[in-house]
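K.L.:
So I've got this file, entry08.cif, and it contains mmCIF, C-alpha atoms:
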data_work
#
loop_
_atom_site.group_PDB
_atom_site.id
_atom_site.type_symbol
_atom_site.label_atom_id
_atom_site.label_comp_id
_atom_site.auth_asym_id
_atom_site.auth_seq_id
_atom_site.Cartn_x
_atom_site.Cartn_y
_atom_site.Cartn_z
ATOM 1 C CA MET I 1 68.745 -45.617 -3.042
ATOM 2 C CA THR I 2 70.335 -48.208 -0.724
ATOM 3 C CA PRO I 3 73.753 -47.117 0.604
ATOM 4 C CA PRO I 4 76.649 -49.516 -0.313
ATOM 5 C CA ASP I 5 77.751 -51.991 2.245
ATOM 6 C CA SER I 6 80.552 -50.617 4.487
ATOM 7 C CA ALA I 7 83.818 -52.363 4.751
ATOM 8 C CA PRO I 8 84.045 -54.986 7.480
ATOM 9 C CA GLY I 9 84.496 -53.356 10.833
ATOM 10 C CA GLU I 10 83.502 -49.894 9.521
ATOM 11 C CA ALA I 11 80.648 -48.172 11.331
ATOM 12 C CA ARG I 12 77.541 -47.579 9.295
ATOM 13 C CA PRO I 13 75.809 -44.198 9.384
ATOM 14 C CA PRO I 14 72.517 -44.248 11.269
ATOM 15 C CA VAL I 15 69.319 -44.560 9.235
ATOM 16 C CA VAL I 16 67.155 -41.533 9.800
ATOM 17 C CA PRO I 17 63.533 -42.587 10.424
ATOM 18 C CA PRO I 18 60.921 -40.938 8.253
ATOM 19 C CA THR I 19 59.521 -37.720 9.646
ATOM 20 C CA PRO I 20 56.010 -38.363 11.000
ATOM 21 C CA GLY I 21 53.214 -36.324 9.363
ATOM 22 C CA PRO I 22 51.255 -33.740 11.326
ATOM 23 C CA PRO I 23 48.503 -35.052 13.571
ATOM 24 C CA PRO I 24 44.960 -34.869 12.185
ATOM 25 C CA SER I 25 43.731 -31.284 12.338
ATOM 26 C CA ARG I 26 41.069 -30.763 14.957
ATOM 27 C CA ARG I 27 40.125 -27.543 13.210
ATOM 28 C CA GLY I 28 39.442 -29.385 9.987
ATOM 29 C CA ALA I 29 37.191 -31.913 11.752
ATOM 30 C CA ALA I 30 35.308 -29.119 13.486
ATOM 31 C CA GLY I 31 34.806 -27.362 10.169
ATOM 32 C CA ARG I 32 33.370 -30.500 8.630
ATOM 33 C CA ASN I 33 31.015 -30.851 11.583
ATOM 34 C CA LEU I 34 29.834 -27.255 11.181
ATOM 35 C CA LEU I 35 29.195 -27.801 7.492
ATOM 36 C CA ALA I 36 27.191 -30.917 8.287
ATOM 37 C CA LEU I 37 25.155 -29.036 10.881
ATOM 38 C CA ALA I 38 24.550 -26.171 8.450
ATOM 39 C CA ALA I 39 23.362 -28.604 5.790
ATOM 40 C CA LEU I 40 21.050 -30.252 8.334
ATOM 41 C CA ALA I 41 19.687 -26.852 9.353
ATOM 42 C CA VAL I 42 18.933 -26.042 5.721
ATOM 43 C CA LEU I 43 17.101 -29.339 5.312
ATOM 44 C CA VAL I 44 15.081 -28.793 8.481
ATOM 45 C CA GLY I 45 14.315 -25.198 7.527
ATOM 46 C CA THR I 46 13.170 -26.282 4.078
ATOM 47 C CA ALA I 47 10.932 -28.959 5.566
ATOM 48 C CA VAL I 48 9.405 -26.476 8.042
ATOM 49 C CA TRP I 49 8.860 -23.891 5.307
ATOM 50 C CA GLY I 50 7.251 -26.533 3.124
ATOM 51 C CA TYR I 51 4.900 -27.576 5.915
ATOM 52 C CA ARG I 52 3.949 -23.962 6.708
ATOM 53 C CA GLN I 53 3.352 -23.257 3.031
ATOM 54 C CA GLN I 54 1.089 -26.284 2.675
ATOM 55 C CA GLU I 55 -0.783 -25.397 5.865
ATOM 56 C CA PHE I 56 -1.208 -21.795 4.706
ATOM 57 C CA LEU I 57 -2.621 -22.904 1.362
ATOM 58 C CA ARG I 58 -4.962 -25.373 3.070
ATOM 59 C CA LEU I 59 -6.311 -22.764 5.481
ATOM 60 C CA ASN I 60 -6.703 -20.149 2.769
ATOM 61 C CA GLN I 61 -8.634 -22.580 0.589
ATOM 62 C CA ARG I 62 -10.820 -23.623 3.513
ATOM 63 C CA GLY I 63 -11.598 -19.983 4.300
ATOM 64 C CA ALA I 64 -12.467 -19.184 0.687
ATOM 65 C CA GLU I 65 -14.785 -22.195 0.496
ATOM 66 C CA ALA I 66 -16.448 -21.219 3.780
ATOM 67 C CA LEU I 67 -17.042 -17.693 2.446
ATOM 68 C CA ARG I 68 -18.542 -19.109 -0.732
ATOM 69 C CA THR I 69 -20.976 -21.340 1.169
ATOM 70 C CA GLY I 70 -21.956 -18.700 3.725
ATOM 71 C CA ASP I 71 -20.119 -20.240 6.697
ATOM 72 C CA PHE I 72 -18.768 -16.885 7.833
ATOM 73 C CA ALA I 73 -17.700 -18.026 11.301
ATOM 74 C CA GLY I 74 -15.770 -20.893 9.710
ATOM 75 C CA ALA I 75 -14.193 -18.473 7.247
ATOM 76 C CA GLU I 76 -13.162 -16.185 10.084
ATOM 77 C CA GLY I 77 -11.437 -19.039 11.926
ATOM 78 C CA ALA I 78 -9.598 -20.250 8.828
ATOM 79 C CA PHE I 79 -8.396 -16.802 7.824
ATOM 80 C CA ARG I 80 -7.246 -15.985 11.363
ATOM 81 C CA ALA I 81 -5.233 -19.217 11.473
ATOM 82 C CA ALA I 82 -3.738 -18.470 8.053
ATOM 83 C CA LEU I 83 -2.772 -14.986 9.229
ATOM 84 C CA ASP I 84 -0.801 -16.543 12.069
ATOM 85 C CA LEU I 85 1.383 -18.046 9.335
ATOM 86 C CA ARG I 86 1.382 -15.023 7.000
ATOM 87 C CA PRO I 87 0.579 -11.913 9.071
ATOM 88 C CA THR I 88 1.484 -9.513 6.245
ATOM 89 C CA GLN I 89 -0.771 -11.127 3.631
ATOM 90 C CA HIS I 90 -3.222 -8.337 2.757
ATOM 91 C CA THR I 91 -5.604 -10.541 0.801
ATOM 92 C CA LEU I 92 -6.105 -12.734 3.860
ATOM 93 C CA ARG I 93 -6.875 -9.728 6.019
ATOM 94 C CA LEU I 94 -9.367 -8.368 3.492
ATOM 95 C CA ASN I 95 -11.108 -11.736 3.364
ATOM 96 C CA LEU I 96 -11.165 -11.811 7.149
ATOM 97 C CA GLY I 97 -12.761 -8.362 7.116
ATOM 98 C CA THR I 98 -15.421 -9.616 4.719
ATOM 99 C CA SER I 99 -16.249 -12.582 6.976
ATOM 100 C CA LEU I 100 -16.474 -10.278 10.005
ATOM 101 C CA GLU I 101 -18.773 -7.846 8.187
ATOM 102 C CA ALA I 102 -21.061 -10.720 7.224
ATOM 103 C CA GLN I 103 -21.413 -11.553 10.934
ATOM 104 C CA GLY I 104 -22.120 -7.956 11.907
ATOM 105 C CA LYS I 105 -18.756 -7.600 13.691
ATOM 106 C CA TRP I 106 -18.337 -4.088 12.367
ATOM 107 C CA ALA I 107 -15.670 -2.755 14.730
ATOM 108 C CA GLU I 108 -13.496 -5.836 14.274
ATOM 109 C CA ALA I 109 -13.846 -5.637 10.501
ATOM 110 C CA ALA I 110 -12.922 -1.939 10.538
ATOM 111 C CA ALA I 111 -9.823 -2.784 12.571
ATOM 112 C CA GLU I 112 -8.719 -5.408 10.025
ATOM 113 C CA TYR I 113 -9.155 -2.972 7.141
ATOM 114 C CA GLY I 114 -7.219 -0.429 9.172
ATOM 115 C CA GLU I 115 -4.305 -2.857 9.444
ATOM 116 C CA VAL I 116 -4.194 -3.149 5.661
ATOM 117 C CA LEU I 117 -4.269 0.646 5.341
ATOM 118 C CA ARG I 118 -1.102 0.931 7.424
ATOM 119 C CA GLU I 119 0.884 -0.336 4.443
ATOM 120 C CA ASN I 120 -1.506 0.050 1.521
ATOM 121 C CA ARG I 121 -3.269 3.401 1.286
ATOM 122 C CA SER I 122 -5.995 2.096 -0.993
ATOM 123 C CA PRO I 123 -9.099 4.326 -1.163
ATOM 124 C CA LYS I 124 -11.246 1.247 -1.805
ATOM 125 C CA VAL I 125 -10.006 -0.405 1.403
ATOM 126 C CA ASP I 126 -10.720 2.849 3.232
ATOM 127 C CA LEU I 127 -14.254 2.725 1.789
ATOM 128 C CA TYR I 128 -14.693 -0.686 3.400
ATOM 129 C CA ARG I 129 -13.408 0.657 6.712
ATOM 130 C CA GLN I 130 -15.674 3.701 6.616
ATOM 131 C CA ARG I 131 -18.808 1.660 5.891
ATOM 132 C CA CYS I 132 -17.971 -0.569 8.873
ATOM 133 C CA LEU I 133 -17.487 2.459 11.133
ATOM 134 C CA CYS I 134 -20.871 3.766 9.978
ATOM 135 C CA ALA I 135 -22.493 0.386 10.623
ATOM 136 C CA ALA I 136 -20.943 0.416 14.107
ATOM 137 C CA GLY I 137 -22.788 3.676 14.852
ATOM 138 C CA ASP I 138 -20.281 6.386 13.901
ATOM 139 C CA PHE I 139 -22.209 8.253 11.197
ATOM 140 C CA ARG I 140 -20.798 11.765 10.831
ATOM 141 C CA GLN I 141 -17.198 11.346 9.657
ATOM 142 C CA PRO I 142 -17.716 8.126 7.637
ATOM 143 C CA LEU I 143 -20.739 9.593 5.845
ATOM 144 C CA THR I 144 -18.739 12.665 4.810
ATOM 145 C CA TRP I 145 -15.863 10.496 3.597
ATOM 146 C CA ILE I 146 -18.124 8.111 1.658
ATOM 147 C CA PHE I 147 -20.034 11.040 0.135
ATOM 148 C CA ASP I 148 -16.796 12.582 -1.174
ATOM 149 C CA TYR I 149 -15.608 9.230 -2.498
ATOM 150 C CA ARG I 150 -18.923 8.563 -4.231
ATOM 151 C CA LEU I 151 -18.841 11.971 -5.940
ATOM 152 C CA SER I 152 -15.458 11.036 -7.413
ATOM 153 C CA HIS I 153 -16.663 7.529 -8.364
ATOM 154 C CA PRO I 154 -20.362 7.935 -9.280
ATOM 155 C CA GLN I 155 -20.565 4.549 -10.989
ATOM 156 C CA ASP I 156 -18.865 2.606 -8.191
ATOM 157 C CA ARG I 157 -21.721 0.425 -6.974
ATOM 158 C CA GLU I 158 -19.970 -0.376 -3.686
ATOM 159 C CA ALA I 159 -19.631 3.333 -2.934
ATOM 160 C CA VAL I 160 -23.253 4.088 -3.869
ATOM 161 C CA LEU I 161 -24.462 1.158 -1.757
ATOM 162 C CA ALA I 162 -22.246 2.153 1.184
ATOM 163 C CA GLU I 163 -23.577 5.708 1.198
ATOM 164 C CA GLY I 164 -27.167 4.549 0.831
ATOM 165 C CA GLU I 165 -26.872 2.163 3.783
ATOM 166 C CA CYS I 166 -25.033 4.738 5.879
ATOM 167 C CA ARG I 167 -27.732 7.340 5.211
ATOM 168 C CA LEU I 168 -30.405 4.809 6.126
ATOM 169 C CA ARG I 169 -28.665 4.104 9.431
ATOM 170 C CA SER I 170 -28.288 7.821 10.127
ATOM 171 C CA GLY I 171 -32.028 8.393 9.597
ATOM 172 C CA ASP I 172 -31.863 10.063 6.177
ATOM 173 C CA VAL I 173 -34.441 7.727 4.667
ATOM 174 C CA GLU I 174 -35.250 9.786 1.563
ATOM 175 C CA GLY I 175 -31.582 10.142 0.673
ATOM 176 C CA ALA I 176 -31.096 6.427 1.292
ATOM 177 C CA VAL I 177 -33.931 5.388 -1.021
ATOM 178 C CA GLY I 178 -32.549 7.315 -3.980
ATOM 179 C CA LEU I 179 -29.013 5.992 -3.510
ATOM 180 C CA LEU I 180 -30.130 2.419 -2.957
ATOM 181 C CA GLU I 181 -32.288 2.515 -6.070
ATOM 182 C CA HIS I 182 -29.208 3.673 -7.955
ATOM 183 C CA ALA I 183 -27.129 0.891 -6.377
ATOM 184 C CA VAL I 184 -29.675 -1.713 -7.509
ATOM 185 C CA ALA I 185 -29.647 -0.246 -11.016
ATOM 186 C CA LEU I 186 -25.834 -0.526 -11.034
ATOM 187 C CA GLY I 187 -26.106 -4.218 -10.172
ATOM 188 C CA ALA I 188 -25.060 -4.102 -6.521
ATOM 189 C CA GLY I 189 -26.962 -7.341 -5.957
ATOM 190 C CA PRO I 190 -29.160 -8.864 -3.223
ATOM 191 C CA GLN I 191 -27.662 -6.770 -0.432
ATOM 192 C CA ALA I 192 -28.683 -3.551 -2.195
ATOM 193 C CA GLU I 193 -32.152 -4.943 -2.899
ATOM 194 C CA ALA I 194 -32.644 -5.913 0.752
ATOM 195 C CA SER I 195 -31.447 -2.498 1.966
ATOM 196 C CA LEU I 196 -33.758 -0.762 -0.511
ATOM 197 C CA GLU I 197 -36.716 -2.744 0.830
ATOM 198 C CA ARG I 198 -35.867 -1.667 4.371
ATOM 199 C CA ALA I 199 -35.521 1.959 3.275
ATOM 200 C CA ARG I 200 -38.881 1.924 1.494
ATOM 201 C CA ALA I 201 -40.530 0.262 4.501
ATOM 202 C CA SER I 202 -39.074 2.935 6.783
ATOM 203 C CA ARG I 203 -40.346 5.686 4.467
ATOM 204 C CA ALA I 204 -43.824 4.139 4.371
ATOM 205 C CA ALA I 205 -43.885 3.813 8.151
ATOM 206 C CA ALA I 206 -42.866 7.427 8.565
ATOM 207 C CA LYS I 207 -45.670 8.620 6.306
ATOM 208 C CA GLY I 208 -48.221 6.575 8.175
ATOM 209 C CA PRO I 209 -51.551 5.275 6.879
#
Could you spell out this file's structure in structure tokens?
P.N.:
Amino acid sequence: MTPPDSAPGEARPPVVPPTPGPPPSRRGAAGRNLLALAALAVLVGTAVWGYRQQEFLRLNQRGAEALRTGDFAGAEGAFRAALDLRPTQHTLRLNLGTSLEAQGKWAEAAAEYGEVLRENRSPKVDLYRQRCLCAAGDFRQPLTWIFDYRLSHPQDREAVLAEGECRLRSGDVEGAVGLLEHAVALGAGPQAEASLERARASRAAAKGP
């Protein structure tokens, strides 16, 4: 509302200037910057996670294909690289153990199975570890363990095959032949058939002409 004109010669009251608003808040600007940085970090993190996920899947698929085609060294390399991205992935470590066994790297395979056993006390994984220890030349304790496991799982072809091969390596040829024949009958496959041939050849050689 405009004040009325004063009478001539009468002093007018001063006009009070409007009160200036507060200066822009530095804290508010900093907060907006932090939010922007946080959003950028989320975007970057999502992109990195996406890349690692894609790389993991690619390596895992490459390793599985290499196992299928018999490229065990290639499978080993792929699974090791995938484990660098997912070191707690048990399936990867088991597949790595399989590729190492196929190359005759028994101690390394046993170590990989042992890593899985730290968190997953699976008797079947321990069976794999024990057969590798036996193949590496440690017969006594693994053979006892496999024997006990096989008694509890008489139709487990992997257990029957593992004991048969361990007995063959330890020099118990007669015991090996019987177990390996049983493993073949259970459908343990070409590995059991090849081991049975070796056991029979060893028995024939021991008997002589």
K.L.:
Which residues match the PyMOL selection byres ((chain I and resi 178) around 12) in the file above, as a PyMOL selection string?
P.N.:
chain I and resi 160-161+163-165+167-168+172-177+179-185+192+195-197+199-200+203
K.L.:
Would you please work out which residue, of I:Gly137, I:Gly189, I:Pro154, I:Gly114, is nearest to Ser170 of chain I when using all atoms listed in the file?
P.N.:
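Of I:Gly137, I:Gly189, I:Pro154, I:Gly114, the one nearest Ser170 of chain I is I:Gly137, counting all atoms listed in the file.
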K.L.:
Pick from I:Leu117, I:Ala110, I:Leu92, I:Leu151: nearest to Cys132 of chain I, with all atoms listed in the file counted?
P.N.:
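Among the listed residues, I:Ala110 lies closest to Cys132 of chain I.
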K.L.:
One decimal, in Å: what's the spacing between atom CA of Cys134 of chain I and atom CA of Ala188 of chain I?
P.N.:
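Going from atom CA of Cys134 of chain I over to atom CA of Ala188 of chain I, I get 18.8 Å.
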K.L.:
With only C-alpha atoms as the atoms that count, which of I:Trp106, I:Gln141, I:Leu94, I:Ala135 lies nearest to Ser122 of chain I?
P.N.:
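Looking at the shortest contact to Ser122 of chain I, the residue is I:Leu94.
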K.L.:
For atom CA of Ala64 of chain I and atom CA of Thr91 of chain I, quote the distance in Å rounded to one decimal.
P.N.:
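Atom CA of Thr91 of chain I lies at a distance of 11.0 Å from atom CA of Ala64 of chain I.
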K.L.:
Quick one: distance from atom CA of Arg129 of chain I to atom CA of Arg86 of chain I in Å, one decimal?
P.N.:
21.6 Å
K.L.:
Please write the residues picked by the PyMOL selection byres ((chain I and resi 149) around 10) on this file as a PyMOL selection string.
P.N.:
chain I and resi 123-124+126-127+143-148+150-154+156+159-160+163
K.L.:
Generate the output file for the selected residues, C-alpha atoms, as a compact mmCIF listing (two decimals), in the frame of the given file.
P.N.:
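File part_15.txt, as written:
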# COMPACT_ATOMS: atom_id res chain seq x y z
CA PRO I 123 -9.10 4.33 -1.16
CA LYS I 124 -11.25 1.25 -1.80
CA ASP I 126 -10.72 2.85 3.23
CA LEU I 127 -14.25 2.72 1.79
CA LEU I 143 -20.74 9.59 5.84
CA THR I 144 -18.74 12.66 4.81
CA TRP I 145 -15.86 10.50 3.60
CA ILE I 146 -18.12 8.11 1.66
CA PHE I 147 -20.03 11.04 0.14
CA ASP I 148 -16.80 12.58 -1.17
CA ARG I 150 -18.92 8.56 -4.23
CA LEU I 151 -18.84 11.97 -5.94
CA SER I 152 -15.46 11.04 -7.41
CA HIS I 153 -16.66 7.53 -8.36
CA PRO I 154 -20.36 7.94 -9.28
CA ASP I 156 -18.86 2.61 -8.19
CA ALA I 159 -19.63 3.33 -2.93
CA VAL I 160 -23.25 4.09 -3.87
CA GLU I 163 -23.58 5.71 1.20
K.L.:
Name the residues captured by the PyMOL selection byres ((chain I and resi 116) around 9) when it is applied to the shown file; answer as an NGL selection string.
P.N.:
:I and (88-91 or 93-94 or 111-115 or 117-122 or 125)
K.L.:
With distances taken over all atoms listed in the file, which residue among I:Gln130, I:Ser202, I:Gln103, I:Gln53 lies nearest Gly70 of chain I?
P.N.:
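That would be I:Gln103, the residue with the smallest distance to Gly70 of chain I.
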